[in-house]
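Novice: data18.cif is reproduced below (mmCIF, C-alpha atoms).
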```
data_start
#
loop_
_atom_site.label_atom_id
_atom_site.label_comp_id
_atom_site.auth_asym_id
_atom_site.auth_seq_id
_atom_site.Cartn_x
_atom_site.Cartn_y
_atom_site.Cartn_z
CA MET U 5 0.00 0.00 0.00
CA TYR U 6 1.01 3.60 -0.52
CA ARG U 7 0.34 6.73 1.48
CA TYR U 8 0.56 10.13 -0.19
CA LYS U 9 -1.03 13.57 -0.18
CA ASP U 10 -3.60 14.38 -2.83
CA ASP U 11 -4.04 17.67 -4.65
CA ASN U 12 -5.89 19.10 -1.63
CA GLY U 13 -3.15 18.08 0.80
CA ARG U 14 -5.18 15.24 2.40
CA LEU U 15 -3.46 11.95 3.24
CA VAL U 16 -4.59 9.08 1.01
CA ILE U 17 -3.84 5.37 1.39
CA SER U 18 -4.14 3.35 -1.81
CA ASN U 19 -2.72 0.34 -3.59
CA THR U 20 -1.52 2.62 -6.43
CA VAL U 21 0.04 6.08 -6.67
CA PRO U 22 -1.33 8.28 -9.46
CA SER U 23 1.50 9.55 -11.68
CA GLU U 24 0.69 13.20 -10.90
CA ASN U 25 1.11 12.45 -7.16
CA SER U 26 4.28 10.37 -7.49
CA THR U 27 6.46 13.46 -7.95
CA ARG U 28 5.31 14.79 -4.56
CA GLY U 29 6.77 11.77 -2.77
CA TYR U 30 4.99 8.96 -0.96
CA GLU U 31 5.42 6.27 1.66
CA ILE U 32 5.28 2.51 1.11
CA LEU U 33 3.36 0.65 3.82
CA ASN U 34 3.38 -3.01 4.78
CA SER U 35 0.28 -5.10 5.43
CA ARG U 36 0.08 -3.77 8.99
CA GLY U 37 0.21 -0.12 7.83
CA ARG U 38 3.75 0.48 8.93
CA VAL U 39 6.11 2.61 6.79
CA VAL U 40 8.75 0.38 5.20
CA ASP U 41 10.16 2.89 2.71
CA VAL U 42 9.88 6.57 1.84
CA VAL U 43 10.13 7.91 -1.72
CA GLU U 44 11.24 11.52 -1.51
CA PRO U 45 9.47 14.18 -3.58
CA ALA U 46 11.04 15.07 -6.93
CA PRO U 47 13.26 18.13 -6.59
CA THR U 48 11.82 21.51 -7.57
CA GLU U 49 13.29 23.68 -10.34
CA GLU U 50 14.95 25.81 -7.65
CA GLU U 51 16.45 22.75 -5.93
CA LEU U 52 17.73 21.41 -9.25
CA ALA U 53 19.27 24.82 -10.06
CA ALA U 54 20.84 24.97 -6.58
CA ARG U 55 22.28 21.45 -6.98
CA GLU U 56 23.72 22.35 -10.40
CA ALA U 57 25.19 25.58 -9.01
CA GLU U 58 26.77 23.65 -6.13
CA LYS U 59 28.12 21.04 -8.56
CA GLN U 60 29.68 23.79 -10.68
CA ARG U 61 31.09 25.51 -7.59
CA MET U 62 32.70 22.23 -6.47
CA ALA U 63 34.14 21.67 -9.97
CA GLN U 64 35.57 25.20 -10.03
CA ALA U 65 37.06 24.75 -6.57
CA GLN U 66 38.70 21.49 -7.69
CA LYS U 67 40.01 23.18 -10.83
CA ARG U 68 41.37 26.06 -8.72
CA ARG U 69 43.13 23.61 -6.36
CA GLN U 70 44.73 21.84 -9.33
CA SER U 71 45.73 25.17 -10.88
CA ASP U 72 47.26 26.32 -7.57
CA ALA U 73 49.21 23.07 -7.24
CA ASP U 74 50.56 23.46 -10.80
CA LEU U 75 51.48 27.08 -10.09
CA LEU U 76 53.37 26.13 -6.90
CA ARG U 77 55.27 23.42 -8.80
CA THR U 78 56.51 26.14 -11.19
CA PHE U 79 57.04 29.06 -8.79
CA SER U 80 57.72 28.85 -5.05
CA HIS U 81 57.56 32.65 -4.48
CA PRO U 82 55.85 35.55 -6.32
CA ASP U 83 59.30 37.00 -7.15
CA ASP U 84 60.09 33.82 -9.15
CA ALA U 85 57.13 34.64 -11.40
CA VAL U 86 58.19 38.31 -11.66
CA ARG U 87 61.67 37.22 -12.79
CA ALA U 88 60.15 34.79 -15.31
CA LEU U 89 57.99 37.64 -16.64
CA GLN U 90 61.05 39.89 -16.92
CA ARG U 91 62.92 37.24 -18.95
CA LYS U 92 59.92 36.67 -21.21
CA LEU U 93 59.43 40.39 -21.84
CA GLN U 94 63.15 40.86 -22.57
CA GLU U 95 62.98 38.06 -25.17
CA LEU U 96 59.91 39.61 -26.78
CA ASP U 97 61.46 43.09 -26.69
CA SER U 98 64.59 41.74 -28.42
CA LEU U 99 62.42 40.29 -31.19
CA VAL U 100 60.64 43.61 -31.66
CA GLN U 101 63.98 45.46 -31.77
CA LEU U 102 65.22 42.97 -34.38
CA LYS U 103 62.13 43.59 -36.49
CA ARG U 104 62.52 47.35 -36.12
CA GLY U 105 66.12 46.93 -37.31
CA ASN U 106 64.82 45.02 -40.34
CA ILE U 107 62.41 47.88 -41.06
CA SER U 108 65.33 50.38 -40.93
CA VAL U 109 67.31 48.31 -43.45
CA ILE U 110 64.30 48.04 -45.78
CA GLU U 111 63.56 51.78 -45.40
CA SER U 112 67.16 52.53 -46.52
CA GLN U 113 66.68 50.30 -49.55
CA LEU U 114 63.32 51.96 -50.25
CA GLU U 115 64.84 55.44 -50.08
CA GLU U 116 67.56 54.35 -52.50
CA GLN U 117 65.03 52.94 -54.98
CA GLN U 118 62.76 55.99 -54.66
CA SER U 119 65.76 58.26 -55.25
CA LYS U 120 66.57 56.37 -58.47
CA ALA U 121 62.97 56.73 -59.60
CA ALA U 122 62.97 60.45 -58.79
CA ASP U 123 66.25 60.97 -60.73
CA LEU U 124 64.75 59.27 -63.77
CA GLU U 125 61.57 61.38 -63.57
CA ARG U 126 63.60 64.60 -63.24
CA ALA U 127 65.59 63.58 -66.31
CA GLY U 128 62.31 63.18 -68.19
CA ARG U 129 62.72 59.43 -68.50
CA GLU U 130 60.13 56.78 -67.71
CA VAL U 131 60.60 54.78 -64.50
CA PRO U 132 61.06 51.09 -65.40
CA GLU U 133 58.34 48.68 -64.30
CA ASN U 134 60.81 46.51 -62.35
CA LEU U 135 61.91 49.54 -60.28
CA LEU U 136 58.28 50.39 -59.42
CA THR U 137 57.71 46.73 -58.52
CA ARG U 138 60.76 46.77 -56.20
CA ILE U 139 59.48 49.94 -54.49
CA ASP U 140 56.03 48.37 -53.96
CA ARG U 141 57.57 45.16 -52.65
CA LEU U 142 59.73 47.07 -50.13
CA ARG U 143 56.73 49.09 -48.93
CA SER U 144 54.75 45.86 -48.57
CA GLN U 145 57.57 44.26 -46.54
CA ILE U 146 57.59 47.23 -44.15
CA ARG U 147 53.79 46.99 -43.69
CA GLU U 148 54.02 43.25 -43.01
CA ILE U 149 56.73 43.67 -40.38
CA GLU U 150 54.75 46.50 -38.74
CA LYS U 151 51.74 44.16 -38.58
CA GLU U 152 53.91 41.46 -37.00
CA ILE U 153 55.11 43.97 -34.39
CA ALA U 154 51.50 45.03 -33.63
CA VAL U 155 50.45 41.39 -33.19
CA GLN U 156 53.47 40.70 -31.00
CA ASN U 157 52.69 43.74 -28.84
CA MET U 158 49.17 42.39 -28.28
CA GLU U 159 50.60 38.97 -27.38
CA THR U 160 53.07 40.65 -25.04
CA GLN U 161 50.22 42.47 -23.29
CA ALA U 162 48.30 39.18 -22.92
CA ILE U 163 51.41 37.47 -21.48
CA ARG U 164 51.95 40.35 -19.04
CA GLU U 165 48.33 40.17 -17.85
CA ALA U 166 48.50 36.37 -17.46
CA TYR U 167 51.69 36.65 -15.38
CA GLU U 168 50.21 39.42 -13.25
CA GLU U 169 47.29 37.09 -12.42
CA LYS U 170 49.75 34.31 -11.53
CA ILE U 171 51.76 36.66 -9.33
CA GLU U 172 48.65 37.88 -7.49
CA ARG U 173 47.50 34.28 -6.98
CA LEU U 174 50.94 33.27 -5.69
CA GLU U 175 50.78 36.12 -3.18
CA THR U 176 47.43 34.77 -1.99
CA ILE U 177 48.34 31.08 -1.71
CA THR U 178 51.88 31.52 -0.34
CA GLY U 179 51.08 34.44 1.95
CA GLU U 180 54.24 36.11 0.60
CA LYS U 181 54.36 39.49 -1.13
CA ARG U 182 56.51 40.15 -4.15
CA THR U 183 59.52 42.35 -3.49
CA LEU U 184 60.24 43.12 -7.17
CA LEU U 185 58.24 45.80 -8.95
CA LEU U 186 56.12 44.71 -11.90
CA GLU U 187 56.95 48.01 -13.63
CA ALA U 188 60.60 46.92 -13.67
CA ALA U 189 59.46 43.83 -15.57
CA SER U 190 57.87 45.89 -18.32
CA GLY U 191 60.58 45.84 -20.97
CA ILE U 192 57.97 46.79 -23.54
CA GLY U 193 55.43 49.44 -22.81
CA PRO U 194 54.61 53.13 -22.82
CA SER U 195 57.89 54.11 -21.12
CA SER U 196 60.15 52.20 -23.51
CA SER U 197 58.18 52.99 -26.68
CA ALA U 198 57.81 56.71 -26.01
CA GLY U 199 60.97 57.48 -27.98
CA ASN U 200 59.91 55.35 -30.97
#
```
Transcribe the structure of this file into C-alpha cells.
Specialist:
Amino acid sequence: MYRYKDDNGRLVISNTVPSENSTRGYEILNSRGRVVDVVEPAPTEEELAAREAEKQRMAQAQKRRQSDADLLRTFSHPDDAVRALQRKLQELDSLVQLKRGNISVIESQLEEQQSKAADLERAGREVPENLLTRIDRLRSQIREIEKEIAVQNMETQAIREAYEEKIERLETITGEKRTLLLEAASGIGPSSSAGN
C-alpha cells in the first residue's frame, strides 16, 4: 500500500500512486500499515538549479586547487614569477627590436630605390616597371613587419596580464608578497616605446 497527499493536501492510502502524485513523494506501507520505505518528492526547479550551481562551484574549486598546485610546482615565491615575466618580456622586446632593425634596413633600400625613380623622372625618363615593382615590394615588406610587431605587442600584453594574475594568486596562496616591482618587468610598454 502507498500513502501520499492528494491535490488538496489530504493523506490518502491506496494500492496505487497516481502519476501526478508520485512526484510529490509517498510512503510505502506493509500489510500492517507500517512505513517500510519513503520515496522523496522530486526536486523543484529551484532545488535542481541549486544542486547544479553547487556542482559547478565544487568543480571550479577542484580546478582552482589543481591550478594552484601546478602554479606552486613552477614558482615557489611571487618573485620567481616576476623574474620569469622579466625574462619573457626581454625576449619579446629583443624580437621587436630585431624587427625594427629590419624595417630600418628596408627603409634605406626603399629610399635608395625611390631616389633612383625620382632621378629618372627629373631627367624626363620613364621609370622602369621593375623599379616600381621593387618599391612596392619594399613598402609591402615594411607593412608586413609593422603588422607582425603590432600582433606581437598584443601577445606581449596578454602574457603580461597572465603573469600578473599568476603573481597575485601566488601572493594569496603563499602568503608572501613580491619584493620586485612589476613596472621593472615591463621591458615593452609606454615608457620604452615613447621614444619610438
Novice: What lies within 9 Å of stretch 104-106 of chain U using all atoms listed in the file, ignoring chain neighbours under 2 positions off, as a compact mmCIF listing (two decimals) with C-alpha atoms, in the coordinates of the input?
Specialist:
```
# COMPACT_ATOMS: atom_id res chain seq x y z
CA LEU U 99 62.42 40.29 -31.19
CA VAL U 100 60.64 43.61 -31.66
CA GLN U 101 63.98 45.46 -31.77
CA LEU U 102 65.22 42.97 -34.38
CA SER U 108 65.33 50.38 -40.93
CA VAL U 109 67.31 48.31 -43.45
CA ILE U 110 64.30 48.04 -45.78
CA GLU U 111 63.56 51.78 -45.40
CA ILE U 146 57.59 47.23 -44.15
CA ILE U 149 56.73 43.67 -40.38
CA GLU U 150 54.75 46.50 -38.74
CA ILE U 153 55.11 43.97 -34.39
```
Novice: If the PyMOL selection byres ((chain U and resi 72-80) around 9) were run on this exact file, what residues would it hold? Put them as a PDB file with C-alpha atoms, in the coordinates of the input.
Specialist:
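To be explicit, this is the file written out as result.pdb:
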```
ATOM      1  CA  LYS U  67      40.010  23.180 -10.830  1.00  0.00           C
ATOM      2  CA  ARG U  68      41.370  26.060  -8.720  1.00  0.00           C
ATOM      3  CA  ARG U  69      43.130  23.610  -6.360  1.00  0.00           C
ATOM      4  CA  GLN U  70      44.730  21.840  -9.330  1.00  0.00           C
ATOM      5  CA  SER U  71      45.730  25.170 -10.880  1.00  0.00           C
ATOM      6  CA  HIS U  81      57.560  32.650  -4.480  1.00  0.00           C
ATOM      7  CA  PRO U  82      55.850  35.550  -6.320  1.00  0.00           C
ATOM      8  CA  ASP U  83      59.300  37.000  -7.150  1.00  0.00           C
ATOM      9  CA  ASP U  84      60.090  33.820  -9.150  1.00  0.00           C
ATOM     10  CA  ALA U  85      57.130  34.640 -11.400  1.00  0.00           C
ATOM     11  CA  LYS U 170      49.750  34.310 -11.530  1.00  0.00           C
ATOM     12  CA  ARG U 173      47.500  34.280  -6.980  1.00  0.00           C
ATOM     13  CA  LEU U 174      50.940  33.270  -5.690  1.00  0.00           C
ATOM     14  CA  ILE U 177      48.340  31.080  -1.710  1.00  0.00           C
ATOM     15  CA  THR U 178      51.880  31.520  -0.340  1.00  0.00           C
TER      16      THR U 178
END
```
Novice: Using all atoms listed in the file, can you tell me which of U:Leu96, U:Thr176, U:Glu165, U:Leu114 comes closest to U:Ser144?
Specialist: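 Ranked by minimum distance to U:Ser144, first place goes to U:Leu114.
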Novice: Which residue out of U:Glu125, U:Glu115, U:Glu51, U:Glu168 has the minimum interatomic distance to U:Arg87 when all atoms listed in the file are used?
Specialist: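 Among the listed residues, U:Glu168 lies closest to U:Arg87.
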Novice: Quick one: of U:Gln161, U:Gln156, U:Val16, U:Gly179, who's nearest to U:Leu89, counting only C-alpha atoms?
Specialist: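 Closest residue, counting only C-alpha atoms: U:Gln161.
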Novice: Which residues match the PyMOL selection byres ((chain U and resi 46) around 6) in the file above, as an MDAnalysis selection string?
Specialist: chainID U and resid 27 45 47
Novice: Separation of atom CA of U:Ala121 and atom CA of U:Leu135, in Å?
Specialist: 7.3 Å
Novice: Just checking: using only C-alpha atoms, which residue out of U:Asn34, U:Asn12, U:Asn19, U:Gln90 ends up closest to U:Leu184?
Specialist: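 Using only C-alpha atoms, the shortest distance to U:Leu184 belongs to U:Gln90.
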Novice: When distances are computed from only C-alpha atoms, which of U:Val86, U:Glu49, U:Asp140, U:Leu33 shows the smallest separation from U:Thr183?
Specialist: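 Once distances to U:Thr183 are computed over only C-alpha atoms, the minimum belongs to U:Val86.
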Novice: Please write the residues picked by the PyMOL selection byres ((chain U and resi 28) around 12) on this file as a PyMOL selection string.
Specialist: chain U and resi 7-11+13+21-27+29-31+42-48
Novice: Counting all atoms listed in the file, which residue out of U:Arg164, U:Ile107, U:Ile139, U:Glu159 sits closest to U:Ala122?
Specialist: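 That would be U:Ile139, the residue with the smallest distance to U:Ala122.
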Novice: If you measure from atom CA of U:Arg91 to atom CA of U:Ala154, what distance in Å do you get, rounded to one decimal?
Specialist: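 Result for atom CA of U:Arg91 versus atom CA of U:Ala154: 20.2 Å, one decimal.
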Novice: Write a file for stretch 36-83 of chain U, containing C-alpha atoms (output as a JSON list (two decimals), in the first residue's frame).
Specialist:
```json
[["chain", "number", "residue", "atom", "x", "y", "z"],
["U", 36, "ARG", "CA", 0.08, -3.77, 8.99],
["U", 37, "GLY", "CA", 0.21, -0.12, 7.83],
["U", 38, "ARG", "CA", 3.75, 0.48, 8.93],
["U", 39, "VAL", "CA", 6.11, 2.61, 6.79],
["U", 40, "VAL", "CA", 8.75, 0.38, 5.20],
["U", 41, "ASP", "CA", 10.16, 2.89, 2.71],
["U", 42, "VAL", "CA", 9.88, 6.57, 1.84],
["U", 43, "VAL", "CA", 10.13, 7.91, -1.72],
["U", 44, "GLU", "CA", 11.24, 11.52, -1.51],
["U", 45, "PRO", "CA", 9.47, 14.18, -3.58],
["U", 46, "ALA", "CA", 11.04, 15.07, -6.93],
["U", 47, "PRO", "CA", 13.26, 18.13, -6.59],
["U", 48, "THR", "CA", 11.82, 21.51, -7.57],
["U", 49, "GLU", "CA", 13.29, 23.68, -10.34],
["U", 50, "GLU", "CA", 14.95, 25.81, -7.65],
["U", 51, "GLU", "CA", 16.45, 22.75, -5.93],
["U", 52, "LEU", "CA", 17.73, 21.41, -9.25],
["U", 53, "ALA", "CA", 19.27, 24.82, -10.06],
["U", 54, "ALA", "CA", 20.84, 24.97, -6.58],
["U", 55, "ARG", "CA", 22.28, 21.45, -6.98],
["U", 56, "GLU", "CA", 23.72, 22.35, -10.40],
["U", 57, "ALA", "CA", 25.19, 25.58, -9.01],
["U", 58, "GLU", "CA", 26.77, 23.65, -6.13],
["U", 59, "LYS", "CA", 28.12, 21.04, -8.56],
["U", 60, "GLN", "CA", 29.68, 23.79, -10.68],
["U", 61, "ARG", "CA", 31.09, 25.51, -7.59],
["U", 62, "MET", "CA", 32.70, 22.23, -6.47],
["U", 63, "ALA", "CA", 34.14, 21.67, -9.97],
["U", 64, "GLN", "CA", 35.57, 25.20, -10.03],
["U", 65, "ALA", "CA", 37.06, 24.75, -6.57],
["U", 66, "GLN", "CA", 38.70, 21.49, -7.69],
["U", 67, "LYS", "CA", 40.01, 23.18, -10.83],
["U", 68, "ARG", "CA", 41.37, 26.06, -8.72],
["U", 69, "ARG", "CA", 43.13, 23.61, -6.36],
["U", 70, "GLN", "CA", 44.73, 21.84, -9.33],
["U", 71, "SER", "CA", 45.73, 25.17, -10.88],
["U", 72, "ASP", "CA", 47.26, 26.32, -7.57],
["U", 73, "ALA", "CA", 49.21, 23.07, -7.24],
["U", 74, "ASP", "CA", 50.56, 23.46, -10.80],
["U", 75, "LEU", "CA", 51.48, 27.08, -10.09],
["U", 76, "LEU", "CA", 53.37, 26.13, -6.90],
["U", 77, "ARG", "CA", 55.27, 23.42, -8.80],
["U", 78, "THR", "CA", 56.51, 26.14, -11.19],
["U", 79, "PHE", "CA", 57.04, 29.06, -8.79],
["U", 80, "SER", "CA", 57.72, 28.85, -5.05],
["U", 81, "HIS", "CA", 57.56, 32.65, -4.48],
["U", 82, "PRO", "CA", 55.85, 35.55, -6.32],
["U", 83, "ASP", "CA", 59.30, 37.00, -7.15]]
```
